[in-house]
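Trainee: Take a look at the following structure, please.
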Amino acid sequence: MAEAALDTIISPLLPGDQPQLVDLYAGATGPSLEFLITLKQQPTTCCWLLRQETSVVGASWFTCVKEEAELIDFVISPSRRQQGLGLILLQGSLQRLRADSVARCHLEVRHSNFAAIGLYHKVGFVIVGQRPNYYRGQEEAEDAILMRWQANDGSVPP
């Protein structure tokens, strides 16, 4: 992971970044890029990008109200996965939330998304509930796992 960190920068989403997000979100299964861009127009939404060299390789989207945040979407470019970049982006995002006085962050994730659940556990998220049959689509319905991170538990290094 140290190698992955050498040339990465976490920065807020800027208006000129949208073209790079199109490539990042091509084939993504979560919220659409159009939805996320519309959501970003709200003052409660923040987005951080993970840049590697001249490319955007990851994005994290949150809604924040007072001391609470919710992770709306988290994506790493498929060609850059399994390199520690998700951990870098998630830790950096949570550090920025904590700096903005956010004490808790919530998320929901598909029960079958073992890689994401493992990543969330690694930075201190804990499972706090489940929504049966929450994700419905062309395939069988799937449960959502509800997770929460507490800023005061020391799980994200400064």
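Residues in the structure tokens are numbered from 1 in each chain, the chains being A, B, ... in the order shown, and ligands are numbered from 1 in the order shown.
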Considering only C-alpha atoms, return as a PyMOL selection string whatever protein or nucleic-acid residues lie within 9 Å of Glu108 in chain A, sequence-local ones (same chain, fewer than 2 positions apart) excluded.

Mentor: chain A and resi 70-72+106+110+130-131+144-148

Trainee: Residues as selected, N, CA and C atoms, written as an mmCIF file, in the first residue's frame, can you do that?

Mentor:
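Listed below is the output, again-v7.cif:
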```cif
data_model
loop_
_atom_site.group_PDB
_atom_site.id
_atom_site.type_symbol
_atom_site.label_atom_id
_atom_site.label_comp_id
_atom_site.auth_asym_id
_atom_site.auth_seq_id
_atom_site.Cartn_x
_atom_site.Cartn_y
_atom_site.Cartn_z
ATOM 1 N N GLU A 70 -23.520 10.476 5.990
ATOM 2 C CA GLU A 70 -23.874 9.205 5.370
ATOM 3 C C GLU A 70 -23.049 9.060 4.101
ATOM 4 N N LEU A 71 -22.407 7.917 3.973
ATOM 5 C CA LEU A 71 -21.666 7.622 2.753
ATOM 6 C C LEU A 71 -22.679 7.222 1.692
ATOM 7 N N ILE A 72 -22.798 8.032 0.665
ATOM 8 C CA ILE A 72 -23.771 7.812 -0.399
ATOM 9 C C ILE A 72 -23.204 6.900 -1.477
ATOM 10 N N HIS A 106 -22.669 6.895 8.644
ATOM 11 C CA HIS A 106 -23.492 5.720 8.401
ATOM 12 C C HIS A 106 -23.356 5.315 6.938
ATOM 13 N N ARG A 110 -24.433 -3.784 0.106
ATOM 14 C CA ARG A 110 -25.012 -5.083 -0.241
ATOM 15 C C ARG A 110 -24.381 -6.178 0.611
ATOM 16 N N GLN A 130 -29.605 -4.437 9.621
ATOM 17 C CA GLN A 130 -29.806 -5.047 8.313
ATOM 18 C C GLN A 130 -31.184 -4.653 7.795
ATOM 19 N N ARG A 131 -31.281 -4.440 6.493
ATOM 20 C CA ARG A 131 -32.569 -4.193 5.839
ATOM 21 C C ARG A 131 -32.850 -5.367 4.905
ATOM 22 N N ALA A 144 -29.501 -5.332 2.735
ATOM 23 C CA ALA A 144 -28.515 -4.272 2.952
ATOM 24 C C ALA A 144 -27.970 -4.425 4.364
ATOM 25 N N ILE A 145 -26.673 -4.310 4.497
ATOM 26 C CA ILE A 145 -26.017 -4.300 5.801
ATOM 27 C C ILE A 145 -25.822 -2.835 6.179
ATOM 28 N N LEU A 146 -26.259 -2.463 7.370
ATOM 29 C CA LEU A 146 -26.106 -1.098 7.866
ATOM 30 C C LEU A 146 -24.873 -1.043 8.758
ATOM 31 N N MET A 147 -24.040 -0.033 8.514
ATOM 32 C CA MET A 147 -22.797 0.101 9.278
ATOM 33 C C MET A 147 -22.660 1.535 9.791
ATOM 34 N N ARG A 148 -21.874 1.670 10.880
ATOM 35 C CA ARG A 148 -21.651 3.002 11.458
ATOM 36 C C ARG A 148 -20.191 3.115 11.907
#
```

Trainee: Residues of chain A in strand (DSSP E) according to DSSP, as a ChimeraX atom specification?

Mentor: /A:8-12,45-52,55-65,68-76,104-110,126-135,142-150

Trainee: Would you mind listing, for every residue of range 49-83 of chain A within 10 Å of range 23-32 of chain A, the two atoms forming the shortest contact and the distance between them in Å to one decimal, using only C-alpha atoms, sorted by chain and ascending residue number, as a tab-separated table?

Mentor:
```
residue	atom	partner	partner_atom	distance
A:Ser55	CA	A:Leu24	CA	9.5
A:Val56	CA	A:Leu24	CA	7.4
A:Val57	CA	A:Leu24	CA	6.8
A:Gly58	CA	A:Leu24	CA	7.3
A:Ala59	CA	A:Leu24	CA	8.5
A:Ile72	CA	A:Pro31	CA	8.1
A:Asp73	CA	A:Gly30	CA	6.9
A:Phe74	CA	A:Gly30	CA	8.6
A:Val75	CA	A:Leu24	CA	7.8
A:Ile76	CA	A:Leu24	CA	7.5
A:Ser77	CA	A:Leu24	CA	5.7
A:Pro78	CA	A:Leu24	CA	8.4
```

Trainee: Store the residues of this selection in a file with C-alpha atoms, as a PDB file, in the first residue's frame.

Mentor:
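Contents of selection_16.pdb, freshly written:
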```pdb
ATOM      1  CA  SER A  55      -6.319  10.607 -13.413  1.00  0.00           C
ATOM      2  CA  VAL A  56      -9.238  10.472 -11.012  1.00  0.00           C
ATOM      3  CA  VAL A  57      -9.183   6.883  -9.743  1.00  0.00           C
ATOM      4  CA  GLY A  58     -11.732   7.079  -6.921  1.00  0.00           C
ATOM      5  CA  ALA A  59     -14.556   9.102  -5.425  1.00  0.00           C
ATOM      6  CA  ILE A  72     -23.771   7.812  -0.399  1.00  0.00           C
ATOM      7  CA  ASP A  73     -21.314   6.287  -2.859  1.00  0.00           C
ATOM      8  CA  PHE A  74     -17.748   5.042  -2.901  1.00  0.00           C
ATOM      9  CA  VAL A  75     -15.989   3.930  -6.069  1.00  0.00           C
ATOM     10  CA  ILE A  76     -12.481   2.989  -7.124  1.00  0.00           C
ATOM     11  CA  SER A  77     -11.617   2.473 -10.791  1.00  0.00           C
ATOM     12  CA  PRO A  78     -11.838  -1.266 -11.560  1.00  0.00           C
TER      13      PRO A  78
END
```

Trainee: Out of range 77-121 of chain A, which residues get alpha helix (DSSP H) from DSSP, as a tab-separated table (two decimals) with N, CA and C atoms, in the first residue's frame?

Mentor:
```tsv
chain	number	residue	atom	x	y	z
A	85	LEU	N	-5.85	1.59	-2.66
A	85	LEU	CA	-6.35	2.93	-2.93
A	85	LEU	C	-7.69	3.19	-2.24
A	86	GLY	N	-8.53	2.18	-2.14
A	86	GLY	CA	-9.80	2.35	-1.43
A	86	GLY	C	-9.57	2.72	0.03
A	87	LEU	N	-8.61	2.08	0.65
A	87	LEU	CA	-8.28	2.38	2.04
A	87	LEU	C	-7.76	3.81	2.17
A	88	ILE	N	-6.91	4.23	1.25
A	88	ILE	CA	-6.37	5.60	1.28
A	88	ILE	C	-7.51	6.61	1.16
A	89	LEU	N	-8.41	6.39	0.21
A	89	LEU	CA	-9.51	7.34	0.00
A	89	LEU	C	-10.47	7.34	1.18
A	90	LEU	N	-10.82	6.17	1.69
A	90	LEU	CA	-11.77	6.12	2.80
A	90	LEU	C	-11.18	6.73	4.06
A	91	GLN	N	-9.95	6.41	4.38
A	91	GLN	CA	-9.32	7.03	5.56
A	91	GLN	C	-9.21	8.53	5.40
A	92	GLY	N	-8.79	8.99	4.22
A	92	GLY	CA	-8.68	10.43	3.99
A	92	GLY	C	-10.02	11.13	4.08
A	93	SER	N	-11.06	10.50	3.55
A	93	SER	CA	-12.40	11.09	3.61
A	93	SER	C	-12.88	11.20	5.06
A	94	LEU	N	-12.68	10.14	5.82
A	94	LEU	CA	-13.11	10.17	7.23
A	94	LEU	C	-12.31	11.18	8.04
A	95	GLN	N	-11.05	11.34	7.74
A	95	GLN	CA	-10.25	12.37	8.42
A	95	GLN	C	-10.80	13.76	8.13
A	96	ARG	N	-11.21	13.99	6.90
A	96	ARG	CA	-11.78	15.30	6.54
A	96	ARG	C	-13.14	15.51	7.21
A	97	LEU	N	-13.92	14.46	7.29
A	97	LEU	CA	-15.20	14.57	8.01
A	97	LEU	C	-14.96	14.91	9.48
A	98	ARG	N	-14.01	14.21	10.08
A	98	ARG	CA	-13.70	14.48	11.49
A	98	ARG	C	-13.23	15.92	11.67
A	99	ALA	N	-12.42	16.42	10.74
A	99	ALA	CA	-11.95	17.81	10.82
A	99	ALA	C	-13.10	18.79	10.71
A	114	PHE	N	-18.48	-8.38	-0.15
A	114	PHE	CA	-17.53	-8.73	0.90
A	114	PHE	C	-16.30	-7.83	0.90
A	115	ALA	N	-15.84	-7.43	-0.27
A	115	ALA	CA	-14.66	-6.56	-0.34
A	115	ALA	C	-14.94	-5.22	0.33
A	116	ALA	N	-16.10	-4.64	0.04
A	116	ALA	CA	-16.46	-3.35	0.66
A	116	ALA	C	-16.65	-3.50	2.16
A	117	ILE	N	-17.33	-4.54	2.58
A	117	ILE	CA	-17.55	-4.75	4.02
A	117	ILE	C	-16.23	-4.89	4.74
A	118	GLY	N	-15.29	-5.63	4.14
A	118	GLY	CA	-13.96	-5.77	4.74
A	118	GLY	C	-13.24	-4.44	4.84
A	119	LEU	N	-13.33	-3.62	3.79
A	119	LEU	CA	-12.70	-2.29	3.81
A	119	LEU	C	-13.32	-1.43	4.91
A	120	TYR	N	-14.64	-1.43	5.00
A	120	TYR	CA	-15.31	-0.61	6.01
A	120	TYR	C	-14.93	-1.06	7.42
A	121	HIS	N	-14.85	-2.36	7.64
A	121	HIS	CA	-14.40	-2.87	8.95
A	121	HIS	C	-12.98	-2.39	9.25
```

Trainee: Counting only C-alpha atoms, figure out which residue out of A:Arg104, A:Arg51, A:Lys66, A:Lys122 gets nearest to Ala151 in chain A.

Mentor: A:Arg104
